[in-house]
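J.: my_file_21.txt is the file, holding compact mmCIF, C-alpha atoms:
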# COMPACT_ATOMS: atom_id res chain seq x y z
CA MET B 1317 22.81 -3.79 14.03
CA GLU B 1318 21.80 -0.75 12.00
CA THR B 1319 22.57 -0.82 8.29
CA ALA B 1320 23.11 2.11 5.95
CA GLY B 1321 19.63 1.41 4.59
CA ASP B 1322 18.16 1.65 8.11
CA ALA B 1323 19.90 4.99 8.72
CA ALA B 1324 18.62 6.28 5.40
CA ALA B 1325 15.12 5.05 6.26
CA VAL B 1326 15.21 7.07 9.49
CA GLN B 1327 16.15 10.16 7.50
CA CYS B 1328 13.44 9.39 4.91
CA LYS B 1329 10.95 8.93 7.78
CA ARG B 1330 11.72 12.47 8.90
CA SER B 1331 11.29 13.74 5.35
CA LEU B 1332 7.97 11.95 4.87
CA GLY B 1333 6.75 13.34 8.17
CA GLN B 1334 7.52 16.87 7.03
CA GLY B 1335 5.93 16.47 3.60
CA ASN B 1336 2.36 16.47 2.42
CA THR B 1337 0.54 13.87 4.48
CA SER B 1338 -2.94 14.20 3.01
CA SER B 1339 -3.05 10.40 2.80
CA SER B 1340 -1.53 9.80 6.20
CA SER B 1341 -3.58 6.66 6.71
CA PHE B 1342 -1.46 4.89 4.09
CA ARG B 1343 1.47 3.40 5.96
CA LEU B 1344 3.57 0.31 5.63
CA ARG B 1345 2.54 -0.90 9.07
CA SER B 1346 2.60 -4.54 9.63
CA PRO B 1347 4.94 -7.47 9.34
CA SER B 1348 1.83 -9.57 8.77
CA LEU B 1349 1.02 -7.73 5.55
CA ASN B 1350 0.75 -10.94 3.60
CA LYS B 1351 2.61 -11.74 0.41
CA VAL B 1352 -0.51 -11.32 -1.73
CA ARG B 1353 -1.02 -7.74 -0.57
CA LEU B 1354 2.67 -6.90 -0.76
CA ARG B 1355 2.82 -8.36 -4.27
CA ARG B 1356 -0.14 -6.19 -5.30
CA ILE B 1357 1.64 -3.10 -4.03
CA PHE B 1358 4.82 -4.10 -5.86
CA ASP B 1359 2.90 -4.65 -9.10
CA MET B 1360 1.14 -1.28 -8.79
CA PHE B 1361 4.44 0.53 -8.20
CA ASP B 1362 6.14 -1.30 -11.11
CA LYS B 1363 4.55 0.89 -13.78
CA ASN B 1364 6.39 -0.59 -16.77
CA ASN B 1365 5.93 -4.20 -15.58
CA ASP B 1366 9.61 -5.08 -15.93
CA GLY B 1367 9.78 -6.83 -12.55
CA MET B 1368 11.69 -3.98 -10.90
CA ILE B 1369 10.70 -0.81 -9.10
CA THR B 1370 13.04 2.03 -9.97
CA LEU B 1371 13.67 5.06 -7.79
CA ASP B 1372 11.45 7.12 -10.11
CA GLU B 1373 8.59 4.59 -9.96
CA LEU B 1374 8.79 4.45 -6.16
CA SER B 1375 8.92 8.22 -5.82
CA GLN B 1376 5.98 8.65 -8.20
CA ALA B 1377 3.86 6.07 -6.36
CA LEU B 1378 4.60 7.58 -2.95
CA GLY B 1379 3.85 11.05 -4.31
CA LEU B 1380 0.48 9.92 -5.68
CA LEU B 1381 -0.36 8.67 -2.20
CA GLY B 1382 0.60 12.00 -0.64
CA LEU B 1383 3.89 10.74 0.81
CA ASN B 1384 6.57 13.02 -0.58
CA ALA B 1385 10.19 12.14 0.06
CA ASP B 1386 13.43 13.79 -0.92
CA MET B 1387 14.82 11.89 -3.93
CA ALA B 1388 18.36 11.75 -2.51
CA GLU B 1389 17.12 10.35 0.81
CA LEU B 1390 14.86 7.84 -0.93
CA ASP B 1391 17.73 6.78 -3.19
CA SER B 1392 20.02 6.35 -0.21
CA MET B 1393 17.41 4.24 1.56
CA ILE B 1394 16.75 1.83 -1.31
CA GLN B 1395 20.29 1.46 -2.70
CA SER B 1396 21.29 -0.96 0.06
CA HIS B 1397 18.41 -3.21 -1.02
CA ILE B 1398 19.10 -3.18 -4.79
CA GLN B 1399 21.20 -6.12 -5.95
CA PRO B 1400 24.42 -5.36 -7.88
CA GLY B 1401 23.75 -5.03 -11.60
CA ASN B 1402 20.05 -4.20 -11.16
CA THR B 1403 18.50 -0.82 -11.87
CA GLY B 1404 15.77 -1.17 -9.26
CA LEU B 1405 14.19 -3.28 -6.55
CA THR B 1406 13.12 -6.81 -7.47
CA TYR B 1407 10.17 -8.26 -5.56
CA LYS B 1408 12.58 -9.95 -3.12
CA ASP B 1409 14.42 -6.65 -2.62
CA PHE B 1410 11.06 -4.95 -2.05
CA GLU B 1411 10.17 -7.54 0.62
CA ASP B 1412 13.50 -6.89 2.36
CA LEU B 1413 12.90 -3.12 2.20
CA HIS B 1414 9.43 -3.64 3.71
CA VAL B 1415 10.91 -5.57 6.63
CA SER B 1416 13.57 -2.88 7.12
CA LEU B 1417 10.98 -0.09 7.11
CA ASN B 1418 8.86 -1.92 9.66
CA LYS B 1419 11.88 -2.13 11.97
CA VAL B 1420 12.78 1.55 11.56
CA PHE B 1421 9.30 3.08 11.51
CA PHE B 1422 7.51 0.84 13.98
CA GLY B 1423 10.17 -1.18 15.83
CA LEU B 1424 8.55 -4.37 14.62
CA ASP B 1425 10.90 -7.31 14.98
CA GLU B 1426 8.75 -9.61 17.05
CA VAL B 1427 5.77 -11.67 15.98
CA VAL B 1428 2.48 -9.95 16.74
CA ASP B 1429 -1.09 -11.22 17.06
CA GLU B 1430 -1.73 -11.70 13.35
CA GLU B 1431 -5.53 -11.65 13.55
CA ALA B 1432 -5.58 -8.37 15.46
CA GLN B 1433 -2.91 -6.96 13.17
CA ASP B 1434 -4.86 -8.03 10.07
CA GLU B 1435 -7.94 -6.25 11.41
CA SER B 1436 -5.86 -3.13 12.04
CA ASP B 1437 -4.31 -3.34 8.55
CA LEU B 1438 -7.73 -3.69 6.97
CA SER B 1439 -8.98 -0.70 8.93
CA GLU B 1440 -6.04 1.38 7.72
CA ALA B 1441 -6.61 0.26 4.12
CA PHE B 1442 -10.32 1.06 4.41
CA LYS B 1443 -9.47 4.60 5.56
CA VAL B 1444 -7.41 5.16 2.40
CA PHE B 1445 -10.56 4.63 0.33
CA ASP B 1446 -13.10 6.21 2.73
CA GLU B 1447 -11.96 9.77 2.08
CA ASP B 1448 -14.93 11.50 3.72
CA ARG B 1449 -14.72 9.20 6.79
CA ASP B 1450 -18.45 8.37 6.72
CA GLY B 1451 -17.80 4.64 7.17
CA TYR B 1452 -18.52 3.75 3.55
CA ILE B 1453 -16.60 3.57 0.28
CA SER B 1454 -18.63 5.15 -2.50
CA ALA B 1455 -18.01 4.65 -6.20
CA ARG B 1456 -16.65 8.21 -6.38
CA GLU B 1457 -14.19 7.58 -3.54
CA LEU B 1458 -12.99 4.35 -5.13
CA GLN B 1459 -12.63 6.09 -8.48
CA VAL B 1460 -10.50 8.86 -6.92
CA VAL B 1461 -8.08 6.39 -5.30
CA LEU B 1462 -7.83 4.25 -8.45
CA GLY B 1463 -7.13 7.42 -10.43
CA LYS B 1464 -4.41 8.50 -7.98
CA LEU B 1465 -2.78 5.11 -8.46
CA GLY B 1466 -2.89 5.57 -12.23
CA LEU B 1467 -5.17 2.59 -12.77
CA GLN B 1468 -7.32 2.55 -15.91
CA GLU B 1469 -10.48 1.85 -13.91
CA GLY B 1470 -10.10 5.29 -12.30
CA GLY B 1471 -11.38 6.87 -15.50
CA GLU B 1472 -14.38 4.60 -15.96
CA ILE B 1473 -17.21 5.14 -13.46
CA ASP B 1474 -19.22 2.21 -14.89
CA ARG B 1475 -16.40 -0.21 -14.06
CA VAL B 1476 -16.00 1.35 -10.62
CA GLN B 1477 -19.72 0.93 -9.94
CA GLN B 1478 -19.45 -2.71 -11.06
CA MET B 1479 -16.59 -3.21 -8.60
CA ILE B 1480 -18.72 -1.73 -5.81
CA SER B 1481 -21.79 -3.82 -6.65
CA SER B 1482 -19.73 -7.03 -6.80
CA VAL B 1483 -18.99 -6.76 -3.06
CA ASP B 1484 -22.02 -4.76 -1.90
CA SER B 1485 -23.89 -7.55 -0.09
CA ASN B 1486 -26.62 -5.29 1.33
CA HIS B 1487 -27.16 -3.52 -2.03
CA ASP B 1488 -26.94 0.03 -0.69
CA GLY B 1489 -24.59 1.15 -3.48
CA ARG B 1490 -21.51 1.48 -1.30
CA VAL B 1491 -19.07 -0.70 0.61
CA ASP B 1492 -19.03 -0.73 4.41
CA PHE B 1493 -16.13 -2.04 6.49
CA PHE B 1494 -17.69 -5.51 6.90
CA GLU B 1495 -18.09 -5.87 3.12
CA PHE B 1496 -14.56 -4.55 2.60
CA LYS B 1497 -13.14 -7.12 5.05
CA ASN B 1498 -14.99 -9.95 3.33
CA MET B 1499 -13.74 -8.82 -0.07
CA MET B 1500 -10.12 -8.52 1.09
CA ARG B 1501 -10.18 -11.92 2.77
CA CYS B 1502 -11.78 -13.67 -0.22
CA VAL B 1503 -9.64 -12.28 -3.02
CA ILE B 1504 -7.03 -14.72 -4.22
CA VAL B 1505 -4.29 -13.47 -6.49
CA PRO B 1506 -2.09 -16.00 -8.25
CA SER B 1507 1.56 -15.60 -7.32
CA SER B 1508 4.01 -15.00 -10.10
If you convert what's in this file into structure tokens, what do you get?
T.:
Amino acid sequence: METAGDAAAVQCKRSLGQGNTSSSSFRLRSPSLNKVRLRRIFDMFDKNNDGMITLDELSQALGLLGLNADMAELDSMIQSHIQPGNTGLTYKDFEDLHVSLNKVFFGLDEVVDEEAQDESDLSEAFKVFDEDRDGYISARELQVVLGKLGLQEGGEIDRVQQMISSVDSNHDGRVDFFEFKNMMRCVIVPSS
């Protein structure tokens, strides 16, 4: 059964497809995107740390990632997920929106091979950082993405280089896909 939010998501999908897609490798792709990763995304989008993502915060975050959507369409899509009395999406609302988008964008209702899907998700995430597609994430590439996301580290190359060296197991000054996978699988973020 299609909801108003699903119909709005279809319209938003069309809008996103027509917009600037310079970061087309960033997609909400997988139902197996675990709660830790989804929580990180929520926290990055929640710029004022009030526990809710407003329409403006969501639009700004998507825009920074090169996914431009019409504000009216985006508003229509998320309104069905916002609880009465709230001014934005809570984390639970955001989870529900994620599930809805997976259904609309990718037809994902069924359980998929989680290991294969995790590998695919990691590959997609790696591509977001590997802007020149040389198979490595350099400090400059990491700094650019962190800057686009509005993170403080994006302005501090020394901190970015520290981040790179902390996962650079072969000490070549950059992160390859194997090192990226190990880092992503080892990071534990406390749930809130």
J.: Against region 1372-1393 of chain B, which residues of region 1457-1493 of chain B fall within 9 Å? For each one I want the closest pair of atoms and the distance in Å (one decimal), counting all atoms listed in the file, rows by chain and increasing residue number, as a tab-separated table.
T.:
residue	atom	partner	partner_atom	distance
B:Val1461	CA	B:Leu1381	CA	8.6
B:Lys1464	CA	B:Leu1380	CA	5.6
B:Leu1465	CA	B:Leu1380	CA	6.4
B:Gly1466	CA	B:Leu1380	CA	8.6
J.: When you count only C-alpha atoms, which of these residues is closest to Phe1494 (chain B): B:Val1352, B:Ile1369, B:Leu1405, B:Leu1438?
T.: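 Between B:Val1352, B:Ile1369, B:Leu1405, B:Leu1438, the residue approaching Phe1494 (chain B) most closely is B:Leu1438.
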J.: Which is closer to Thr1406 (chain B) than all the others in B:Asp1434, B:Asp1450, B:Asp1492, B:Asp1359, using all atoms listed in the file?
T.: B:Asp1359
J.: Would you mind reading off the distance between CA of Ser1436 (chain B) and CA of Ser1481 (chain B), one decimal, in Å?
T.: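 Going from CA of Ser1436 (chain B) over to CA of Ser1481 (chain B) covers 24.6 Å.
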J.: In Å, with one decimal, what is the gap from CA of Leu1354 (chain B) to CA of Asp1484 (chain B)?
T.: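 Separation between CA of Leu1354 (chain B) and CA of Asp1484 (chain B): 24.8 Å.
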J.: If you count all atoms listed in the file, which residues fall within 12 Å of region 1473-1479 of chain B, apart from same-chain ones fewer than 6 positions away, as a list of chain:residue names?
T.: B:Ile1453, B:Ser1454, B:Ala1455, B:Arg1456, B:Glu1457, B:Leu1458, B:Gln1459, B:Val1460, B:Val1461, B:Leu1462, B:Gly1463, B:Leu1467, B:His1487, B:Asp1488, B:Gly1489, B:Arg1490, B:Val1491, B:Phe1496, B:Met1499
J.: Mind giving me the straight-line distance from CA of Gly1404 (chain B) to CA of Asn1365 (chain B) in Å, one decimal?
T.: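 Value for the CA of Gly1404 (chain B)-CA of Asn1365 (chain B) distance: 12.1 Å.
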J.: From the options B:Phe1361, B:Thr1403, B:His1397, B:Arg1356, which residue's atoms come nearest to Val1415 (chain B), counting all atoms listed in the file?
T.: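 Ranked by minimum distance to Val1415 (chain B), first place goes to B:His1397.
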J.: Measuring atom to atom with all atoms listed in the file, identify which of B:Leu1371, B:Met1360, B:Asp1366, B:Lys1497 is nearest to Phe1442 (chain B).
T.: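 With all atoms listed in the file as the atom set, the closest residue is B:Lys1497.
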J.: Which residue, B:Ala1432, B:Ile1357, B:Leu1413, B:Met1500, has the smallest gap to Val1483 (chain B) when you use only C-alpha atoms?
T.: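 Using only C-alpha atoms, Val1483 (chain B) sits closest to B:Met1500.
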J.: Which residue is closest to Glu1495 (chain B)? Choose from B:Ile1480, B:Val1444, B:Leu1417, B:Ile1394 and count only C-alpha atoms.
T.: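 Of all the options, B:Ile1480 lies closest to Glu1495 (chain B).
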J.: Since the input lacks some atoms of region 1405-1416 of chain B, please model all heavy atoms and print them as a PDB file, keeping the file's coordinate frame.
T.:
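Everything below was put into out_30.pdb:
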ATOM      1  N   LEU B1405      14.515  -2.246  -7.535  1.00  0.00           N
ATOM      2  CA  LEU B1405      14.190  -3.280  -6.550  1.00  0.00           C
ATOM      3  C   LEU B1405      13.422  -4.413  -7.219  1.00  0.00           C
ATOM      4  O   LEU B1405      12.400  -4.182  -7.861  1.00  0.00           O
ATOM      5  CB  LEU B1405      13.292  -2.693  -5.455  1.00  0.00           C
ATOM      6  CG  LEU B1405      13.864  -1.588  -4.575  1.00  0.00           C
ATOM      7  CD1 LEU B1405      12.747  -0.886  -3.819  1.00  0.00           C
ATOM      8  CD2 LEU B1405      14.879  -2.174  -3.605  1.00  0.00           C
ATOM      9  N   THR B1406      13.909  -5.651  -7.065  1.00  0.00           N
ATOM     10  CA  THR B1406      13.120  -6.810  -7.470  1.00  0.00           C
ATOM     11  C   THR B1406      12.077  -7.039  -6.381  1.00  0.00           C
ATOM     12  O   THR B1406      12.116  -6.397  -5.316  1.00  0.00           O
ATOM     13  CB  THR B1406      14.000  -8.076  -7.592  1.00  0.00           C
ATOM     14  OG1 THR B1406      14.541  -8.381  -6.296  1.00  0.00           O
ATOM     15  CG2 THR B1406      15.118  -7.887  -8.609  1.00  0.00           C
ATOM     16  N   TYR B1407      11.163  -7.984  -6.589  1.00  0.00           N
ATOM     17  CA  TYR B1407      10.170  -8.260  -5.560  1.00  0.00           C
ATOM     18  C   TYR B1407      10.839  -8.677  -4.253  1.00  0.00           C
ATOM     19  O   TYR B1407      10.455  -8.218  -3.171  1.00  0.00           O
ATOM     20  CB  TYR B1407       9.166  -9.321  -6.024  1.00  0.00           C
ATOM     21  CG  TYR B1407       8.170  -9.646  -4.948  1.00  0.00           C
ATOM     22  CD1 TYR B1407       7.220  -8.706  -4.546  1.00  0.00           C
ATOM     23  CD2 TYR B1407       8.196 -10.872  -4.296  1.00  0.00           C
ATOM     24  CE1 TYR B1407       6.314  -8.980  -3.536  1.00  0.00           C
ATOM     25  CE2 TYR B1407       7.287 -11.154  -3.280  1.00  0.00           C
ATOM     26  CZ  TYR B1407       6.359 -10.209  -2.908  1.00  0.00           C
ATOM     27  OH  TYR B1407       5.468 -10.476  -1.898  1.00  0.00           O
ATOM     28  N   LYS B1408      11.859  -9.519  -4.323  1.00  0.00           N
ATOM     29  CA  LYS B1408      12.580  -9.950  -3.120  1.00  0.00           C
ATOM     30  C   LYS B1408      13.220  -8.757  -2.412  1.00  0.00           C
ATOM     31  O   LYS B1408      13.153  -8.643  -1.176  1.00  0.00           O
ATOM     32  CB  LYS B1408      13.635 -11.006  -3.497  1.00  0.00           C
ATOM     33  CG  LYS B1408      14.530 -11.424  -2.342  1.00  0.00           C
ATOM     34  CD  LYS B1408      13.776 -12.217  -1.283  1.00  0.00           C
ATOM     35  CE  LYS B1408      14.716 -12.722  -0.213  1.00  0.00           C
ATOM     36  NZ  LYS B1408      14.450 -12.192   1.103  1.00  0.00           N
ATOM     37  N   ASP B1409      13.831  -7.864  -3.198  1.00  0.00           N
ATOM     38  CA  ASP B1409      14.420  -6.650  -2.620  1.00  0.00           C
ATOM     39  C   ASP B1409      13.345  -5.807  -1.929  1.00  0.00           C
ATOM     40  O   ASP B1409      13.571  -5.241  -0.857  1.00  0.00           O
ATOM     41  CB  ASP B1409      15.095  -5.795  -3.697  1.00  0.00           C
ATOM     42  CG  ASP B1409      16.204  -6.503  -4.443  1.00  0.00           C
ATOM     43  OD1 ASP B1409      16.812  -7.440  -3.888  1.00  0.00           O
ATOM     44  OD2 ASP B1409      16.468  -6.105  -5.603  1.00  0.00           O
ATOM     45  N   PHE B1410      12.177  -5.722  -2.578  1.00  0.00           N
ATOM     46  CA  PHE B1410      11.060  -4.950  -2.050  1.00  0.00           C
ATOM     47  C   PHE B1410      10.577  -5.535  -0.720  1.00  0.00           C
ATOM     48  O   PHE B1410      10.276  -4.800   0.225  1.00  0.00           O
ATOM     49  CB  PHE B1410       9.934  -4.913  -3.083  1.00  0.00           C
ATOM     50  CG  PHE B1410       8.796  -3.993  -2.754  1.00  0.00           C
ATOM     51  CD1 PHE B1410       8.963  -2.615  -2.733  1.00  0.00           C
ATOM     52  CD2 PHE B1410       7.531  -4.508  -2.493  1.00  0.00           C
ATOM     53  CE1 PHE B1410       7.905  -1.767  -2.454  1.00  0.00           C
ATOM     54  CE2 PHE B1410       6.463  -3.670  -2.211  1.00  0.00           C
ATOM     55  CZ  PHE B1410       6.651  -2.288  -2.189  1.00  0.00           C
ATOM     56  N   GLU B1411      10.532  -6.870  -0.641  1.00  0.00           N
ATOM     57  CA  GLU B1411      10.170  -7.540   0.620  1.00  0.00           C
ATOM     58  C   GLU B1411      11.170  -7.170   1.716  1.00  0.00           C
ATOM     59  O   GLU B1411      10.778  -6.859   2.843  1.00  0.00           O
ATOM     60  CB  GLU B1411      10.169  -9.056   0.454  1.00  0.00           C
ATOM     61  CG  GLU B1411       8.969  -9.630  -0.211  1.00  0.00           C
ATOM     62  CD  GLU B1411       9.037 -11.157  -0.265  1.00  0.00           C
ATOM     63  OE1 GLU B1411      10.051 -11.696  -0.749  1.00  0.00           O
ATOM     64  OE2 GLU B1411       8.079 -11.785   0.189  1.00  0.00           O
ATOM     65  N   ASP B1412      12.461  -7.222   1.380  1.00  0.00           N
ATOM     66  CA  ASP B1412      13.500  -6.890   2.360  1.00  0.00           C
ATOM     67  C   ASP B1412      13.377  -5.434   2.810  1.00  0.00           C
ATOM     68  O   ASP B1412      13.543  -5.127   3.996  1.00  0.00           O
ATOM     69  CB  ASP B1412      14.891  -7.141   1.779  1.00  0.00           C
ATOM     70  CG  ASP B1412      15.164  -8.611   1.512  1.00  0.00           C
ATOM     71  OD1 ASP B1412      14.434  -9.476   2.044  1.00  0.00           O
ATOM     72  OD2 ASP B1412      16.113  -8.903   0.741  1.00  0.00           O
ATOM     73  N   LEU B1413      13.089  -4.534   1.868  1.00  0.00           N
ATOM     74  CA  LEU B1413      12.900  -3.120   2.200  1.00  0.00           C
ATOM     75  C   LEU B1413      11.699  -2.964   3.131  1.00  0.00           C
ATOM     76  O   LEU B1413      11.760  -2.217   4.107  1.00  0.00           O
ATOM     77  CB  LEU B1413      12.693  -2.305   0.917  1.00  0.00           C
ATOM     78  CG  LEU B1413      12.361  -0.829   1.104  1.00  0.00           C
ATOM     79  CD1 LEU B1413      13.498  -0.090   1.804  1.00  0.00           C
ATOM     80  CD2 LEU B1413      12.049  -0.181  -0.249  1.00  0.00           C
ATOM     81  N   HIS B1414      10.633  -3.683   2.862  1.00  0.00           N
ATOM     82  CA  HIS B1414       9.430  -3.640   3.710  1.00  0.00           C
ATOM     83  C   HIS B1414       9.765  -4.036   5.140  1.00  0.00           C
ATOM     84  O   HIS B1414       9.367  -3.352   6.092  1.00  0.00           O
ATOM     85  CB  HIS B1414       8.371  -4.566   3.102  1.00  0.00           C
ATOM     86  CG  HIS B1414       7.148  -4.728   3.938  1.00  0.00           C
ATOM     87  ND1 HIS B1414       6.232  -3.719   4.124  1.00  0.00           N
ATOM     88  CD2 HIS B1414       6.693  -5.783   4.649  1.00  0.00           C
ATOM     89  CE1 HIS B1414       5.264  -4.149   4.917  1.00  0.00           C
ATOM     90  NE2 HIS B1414       5.520  -5.399   5.248  1.00  0.00           N
ATOM     91  N   VAL B1415      10.514  -5.114   5.300  1.00  0.00           N
ATOM     92  CA  VAL B1415      10.910  -5.570   6.630  1.00  0.00           C
ATOM     93  C   VAL B1415      11.764  -4.497   7.318  1.00  0.00           C
ATOM     94  O   VAL B1415      11.559  -4.170   8.492  1.00  0.00           O
ATOM     95  CB  VAL B1415      11.675  -6.920   6.554  1.00  0.00           C
ATOM     96  CG1 VAL B1415      12.329  -7.258   7.883  1.00  0.00           C
ATOM     97  CG2 VAL B1415      10.735  -8.031   6.107  1.00  0.00           C
ATOM     98  N   SER B1416      12.698  -3.924   6.579  1.00  0.00           N
ATOM     99  CA  SER B1416      13.570  -2.880   7.120  1.00  0.00           C
ATOM    100  C   SER B1416      12.765  -1.663   7.563  1.00  0.00           C
ATOM    101  O   SER B1416      13.000  -1.107   8.637  1.00  0.00           O
ATOM    102  CB  SER B1416      14.610  -2.487   6.066  1.00  0.00           C
ATOM    103  OG  SER B1416      15.386  -1.413   6.519  1.00  0.00           O
TER     104      SER B1416
END
